[in-house]
file start_14.txt (compact mmCIF, C-alpha atoms)
# COMPACT_ATOMS: atom_id res chain seq x y z
CA MET A 908 13.99 -22.44 -38.76
CA ASN A 909 10.99 -21.70 -36.55
CA LYS A 910 11.80 -24.55 -34.15
CA SER A 911 15.39 -23.49 -33.74
CA LEU A 912 14.38 -19.85 -33.15
CA ILE A 913 11.86 -20.85 -30.50
CA THR A 914 14.36 -23.21 -28.89
CA SER A 915 16.99 -20.47 -28.82
CA CYS A 916 14.59 -17.98 -27.27
CA LEU A 917 13.55 -20.46 -24.58
CA CYS A 918 17.16 -21.26 -23.77
CA ILE A 919 18.00 -17.59 -23.41
CA LEU A 920 14.93 -17.08 -21.25
CA PHE A 921 15.84 -19.95 -18.92
CA ILE A 922 19.47 -18.88 -18.71
CA PHE A 923 18.80 -15.22 -17.82
CA THR A 924 15.63 -15.55 -15.71
CA PRO A 925 17.51 -16.43 -12.48
CA PHE A 926 19.56 -13.27 -12.83
CA LEU A 927 16.44 -11.13 -13.06
CA ASN A 928 15.20 -12.41 -9.70
CA SER A 929 18.57 -12.21 -8.00
CA PRO A 930 18.49 -10.05 -4.87
CA HIS A 931 22.03 -8.89 -5.67
CA ASN A 932 20.80 -6.94 -8.68
CA ILE A 933 17.97 -5.13 -6.92
CA ASN A 934 18.22 -2.13 -4.66
CA THR A 935 15.88 -2.93 -1.80
CA VAL A 936 14.25 -0.78 0.80
CA ASN A 937 13.91 -2.05 4.34
CA ALA A 938 10.51 -3.75 4.42
CA GLU A 939 10.05 -3.11 8.11
CA LYS A 940 8.12 0.04 8.78
CA ALA A 941 8.50 2.01 11.96
CA ILE A 942 5.60 1.50 14.33
CA PRO A 943 3.72 4.80 14.55
CA SER A 944 3.47 6.45 17.97
CA HIS A 945 -0.33 6.23 17.84
CA ALA A 946 -0.41 2.43 17.32
CA LYS A 947 -0.75 1.74 21.05
CA TRP A 948 -3.68 4.13 21.29
CA GLY A 949 -5.30 2.70 18.15
CA LYS A 950 -5.40 -0.75 19.76
CA ILE A 951 -7.10 0.74 22.81
CA ALA A 952 -9.61 2.59 20.61
CA ILE A 953 -10.49 -0.64 18.79
CA GLN A 954 -10.77 -2.54 22.08
CA LYS A 955 -13.16 0.05 23.56
CA ALA A 956 -15.30 0.09 20.40
CA ARG A 957 -15.54 -3.73 20.52
CA GLU A 958 -16.60 -3.54 24.16
CA ARG A 959 -19.30 -0.96 23.38
CA TYR A 960 -20.48 -2.65 20.15
CA PRO A 961 -19.68 -6.37 20.61
CA SER A 962 -21.80 -7.61 17.69
CA ALA A 963 -20.46 -5.04 15.22
CA LYS A 964 -17.61 -5.67 12.82
CA ILE A 965 -14.90 -2.98 12.62
CA TYR A 966 -14.01 -2.82 8.94
CA ASP A 967 -11.74 0.24 8.87
CA TYR A 968 -10.16 2.88 11.07
CA LEU A 969 -8.19 6.10 10.78
CA HIS A 970 -5.90 8.00 13.12
CA VAL A 971 -7.38 11.47 12.94
CA LYS A 972 -5.01 13.54 15.08
CA ARG A 973 -3.04 13.98 18.26
CA GLU A 974 -3.53 17.13 20.28
CA GLN A 975 -1.34 18.23 23.15
CA LYS A 976 -2.98 20.45 25.74
CA GLY A 977 -0.63 21.37 28.56
CA ASN A 978 0.34 18.22 30.45
CA TYR A 979 -2.09 15.93 28.67
CA SER A 980 -2.68 14.69 25.15
CA VAL A 981 -5.68 13.47 23.18
CA GLU A 982 -5.43 10.81 20.46
CA THR A 983 -8.47 10.78 18.18
CA PHE A 984 -9.52 7.89 15.92
CA LYS A 985 -12.40 7.30 13.53
CA LEU A 986 -13.66 3.72 13.24
CA TRP A 987 -16.12 2.39 10.68
CA LEU A 988 -18.40 -0.37 11.94
CA ASP A 989 -21.08 -2.61 10.47
CA GLU A 990 -23.76 -4.13 12.67
CA ASN A 991 -26.54 -6.14 11.03
CA ASN A 992 -25.83 -4.46 7.66
CA LYS A 993 -26.12 -1.02 9.23
CA LYS A 994 -22.93 1.00 8.86
CA PHE A 995 -21.92 3.69 11.31
CA GLU A 996 -18.86 5.57 12.49
CA VAL A 997 -17.44 5.89 15.98
CA ILE A 998 -15.10 8.67 17.01
CA VAL A 999 -12.83 7.61 19.87
CA ALA A 1000 -10.91 10.24 21.84
CA ILE A 1001 -8.37 8.96 24.35
CA HIS A 1002 -7.26 11.53 26.94
CA PHE A 1003 -4.03 10.77 28.80
CA ASP A 1004 -1.15 12.32 30.73
CA THR A 1005 1.59 13.01 28.20
CA LYS A 1006 4.51 11.94 30.40
CA SER A 1007 3.09 8.95 32.28
CA GLU A 1008 0.64 7.93 29.51
CA LYS A 1009 -1.98 7.25 32.20
CA ILE A 1010 -5.43 7.40 30.63
CA SER A 1011 -7.80 9.87 32.26
CA LYS A 1012 -10.85 9.27 30.05
CA ILE A 1013 -12.00 7.72 26.81
CA ILE A 1014 -14.93 9.20 24.90
CA LEU A 1015 -16.81 7.27 22.18
CA GLN A 1016 -19.25 9.11 19.91
CA ARG A 1017 -21.41 7.19 17.47
CA GLN A 1018 -22.24 8.86 14.16
CA ASP A 1019 -24.81 7.12 12.00
CA THR A 1020 -24.08 7.32 8.29
CA HIS A 1021 -26.98 8.00 5.96
CA ILE A 1022 -26.09 6.25 2.75

call {"tool": "encode", "arguments": {"input": "start_14.txt", "output": "C-alpha cells"}}
result
Amino acid sequence: MNKSLITSCLCILFIFTPFLNSPHNINTVNAEKAIPSHAKWGKIAIQKARERYPSAKIYDYLHVKREQKGNYSVETFKLWLDENNKKFEVIVAIHFDTKSEKISKIILQRQDTHI
C-alpha cells in the first residue's frame, strides 16, 4: 500500500509540475524598468569620483535629489567608497543647464565616516 501511494503521488507531481511553471498561467509584469532621468548624471558622478579617488572602491550610491533653480538644475548623489579599509562618503553635485544639459560645474565633497 505504501509503495502504491508513493508512486501515485510522484506520478501526480510529475504530471502537474509543468503546468505550475507554465507562463500561460501566470500574470506577469513587464520586467523592464524605465531608466530613471538621473541615470545619466549618476554615471557622471561615479566617473568623477573614480577620477578623484582612483584607488578607492565605490560600493554603493544614492540619488539624493534634483533641484531646479531658474534655467539650471543640480543633480546630487551620495557615494560610499572604501580605500584601504577606510570608508568615506562623497557628495557629488552636478550643475547643468536644464534645456541643453551642458554641465557648468561638478562639486565633490568628501565626508569621512567615523564608525

call {"tool": "residues_around", "arguments": {"input": "start_14.txt", "residues": "region 954-971 of chain A", "least_positions_apart": "2", "cutoff": "12 Å", "atoms": "all atoms listed in the file", "output": "ChimeraX atom specification"}}
result
/A:943-952,973-974,981-1001,1012-1017

call {"tool": "atom_distance", "arguments": {"input": "start_14.txt", "atom1": "CA of Lys1009 (chain A)", "atom2": "CA of Gly977 (chain A)"}}
result
14.6 Å

call {"tool": "axis_aligned_box", "arguments": {"input": "start_14.txt", "around": "region 999-1011 of chain A", "padding_each_side": "6 Å", "output": "lines of an AutoDock Vina configuration file"}}
result
center_x = -4.2
center_y = 10.1
center_z = 26.1
size_x = 29.3
size_y = 17.8
size_z = 24.4

call {"tool": "atom_distance", "arguments": {"input": "start_14.txt", "atom1": "CA of Ile942 (chain A)", "atom2": "CA of Phe1003 (chain A)"}}
result
19.7 Å

call {"tool": "build_atoms", "arguments": {"input": "start_14.txt", "residues": "region 959-976 of chain A", "atoms": "N, CA, C and O atoms", "output": "mmCIF file, in the frame of the given file"}}
result
data_model
loop_
_atom_site.group_PDB
_atom_site.id
_atom_site.type_symbol
_atom_site.label_atom_id
_atom_site.label_comp_id
_atom_site.auth_asym_id
_atom_site.auth_seq_id
_atom_site.Cartn_x
_atom_site.Cartn_y
_atom_site.Cartn_z
ATOM 1 N N ARG A 959 -18.032 -1.705 23.480
ATOM 2 C CA ARG A 959 -19.300 -0.960 23.380
ATOM 3 C C ARG A 959 -20.237 -1.578 22.356
ATOM 4 O O ARG A 959 -21.448 -1.581 22.536
ATOM 5 N N TYR A 960 -19.679 -2.078 21.243
ATOM 6 C CA TYR A 960 -20.480 -2.650 20.150
ATOM 7 C C TYR A 960 -19.987 -4.072 19.855
ATOM 8 O O TYR A 960 -19.372 -4.317 18.819
ATOM 9 N N PRO A 961 -20.256 -5.030 20.745
ATOM 10 C CA PRO A 961 -19.680 -6.370 20.610
ATOM 11 C C PRO A 961 -20.145 -7.152 19.381
ATOM 12 O O PRO A 961 -19.417 -8.013 18.890
ATOM 13 N N SER A 962 -21.319 -6.849 18.858
ATOM 14 C CA SER A 962 -21.800 -7.610 17.690
ATOM 15 C C SER A 962 -21.468 -6.919 16.369
ATOM 16 O O SER A 962 -21.797 -7.429 15.301
ATOM 17 N N ALA A 963 -20.814 -5.774 16.446
ATOM 18 C CA ALA A 963 -20.460 -5.040 15.220
ATOM 19 C C ALA A 963 -19.079 -5.465 14.739
ATOM 20 O O ALA A 963 -18.212 -5.855 15.521
ATOM 21 N N LYS A 964 -18.904 -5.378 13.433
ATOM 22 C CA LYS A 964 -17.610 -5.670 12.820
ATOM 23 C C LYS A 964 -16.927 -4.332 12.501
ATOM 24 O O LYS A 964 -17.514 -3.476 11.860
ATOM 25 N N ILE A 965 -15.684 -4.177 12.948
ATOM 26 C CA ILE A 965 -14.900 -2.980 12.620
ATOM 27 C C ILE A 965 -14.224 -3.279 11.283
ATOM 28 O O ILE A 965 -13.420 -4.192 11.185
ATOM 29 N N TYR A 966 -14.578 -2.531 10.257
ATOM 30 C CA TYR A 966 -14.010 -2.820 8.940
ATOM 31 C C TYR A 966 -12.979 -1.805 8.481
ATOM 32 O O TYR A 966 -12.298 -2.024 7.475
ATOM 33 N N ASP A 967 -12.794 -0.718 9.229
ATOM 34 C CA ASP A 967 -11.740 0.240 8.870
ATOM 35 C C ASP A 967 -11.557 1.209 10.028
ATOM 36 O O ASP A 967 -12.456 1.366 10.869
ATOM 37 N N TYR A 968 -10.378 1.828 10.072
ATOM 38 C CA TYR A 968 -10.160 2.880 11.070
ATOM 39 C C TYR A 968 -9.105 3.853 10.562
ATOM 40 O O TYR A 968 -8.347 3.550 9.648
ATOM 41 N N LEU A 969 -9.092 5.027 11.187
ATOM 42 C CA LEU A 969 -8.190 6.100 10.780
ATOM 43 C C LEU A 969 -7.710 6.839 12.015
ATOM 44 O O LEU A 969 -8.514 7.154 12.902
ATOM 45 N N HIS A 970 -6.413 7.103 12.072
ATOM 46 C CA HIS A 970 -5.900 8.000 13.120
ATOM 47 C C HIS A 970 -6.168 9.408 12.634
ATOM 48 O O HIS A 970 -5.657 9.830 11.587
ATOM 49 N N VAL A 971 -6.978 10.136 13.363
ATOM 50 C CA VAL A 971 -7.380 11.470 12.940
ATOM 51 C C VAL A 971 -6.336 12.507 13.329
ATOM 52 O O VAL A 971 -5.855 13.265 12.490
ATOM 53 N N LYS A 972 -5.984 12.528 14.634
ATOM 54 C CA LYS A 972 -5.010 13.540 15.080
ATOM 55 C C LYS A 972 -4.571 13.269 16.506
ATOM 56 O O LYS A 972 -5.184 12.489 17.237
ATOM 57 N N ARG A 973 -3.504 13.945 16.872
ATOM 58 C CA ARG A 973 -3.040 13.980 18.260
ATOM 59 C C ARG A 973 -2.954 15.439 18.649
ATOM 60 O O ARG A 973 -2.349 16.245 17.934
ATOM 61 N N GLU A 974 -3.566 15.764 19.764
ATOM 62 C CA GLU A 974 -3.530 17.130 20.280
ATOM 63 C C GLU A 974 -2.826 17.114 21.635
ATOM 64 O O GLU A 974 -3.066 16.219 22.440
ATOM 65 N N GLN A 975 -1.984 18.100 21.855
ATOM 66 C CA GLN A 975 -1.340 18.230 23.150
ATOM 67 C C GLN A 975 -1.878 19.493 23.793
ATOM 68 O O GLN A 975 -1.856 20.574 23.198
ATOM 69 N N LYS A 976 -2.402 19.331 25.008
ATOM 70 C CA LYS A 976 -2.980 20.450 25.740
ATOM 71 C C LYS A 976 -2.351 20.491 27.122
ATOM 72 O O LYS A 976 -2.779 19.767 28.017
#
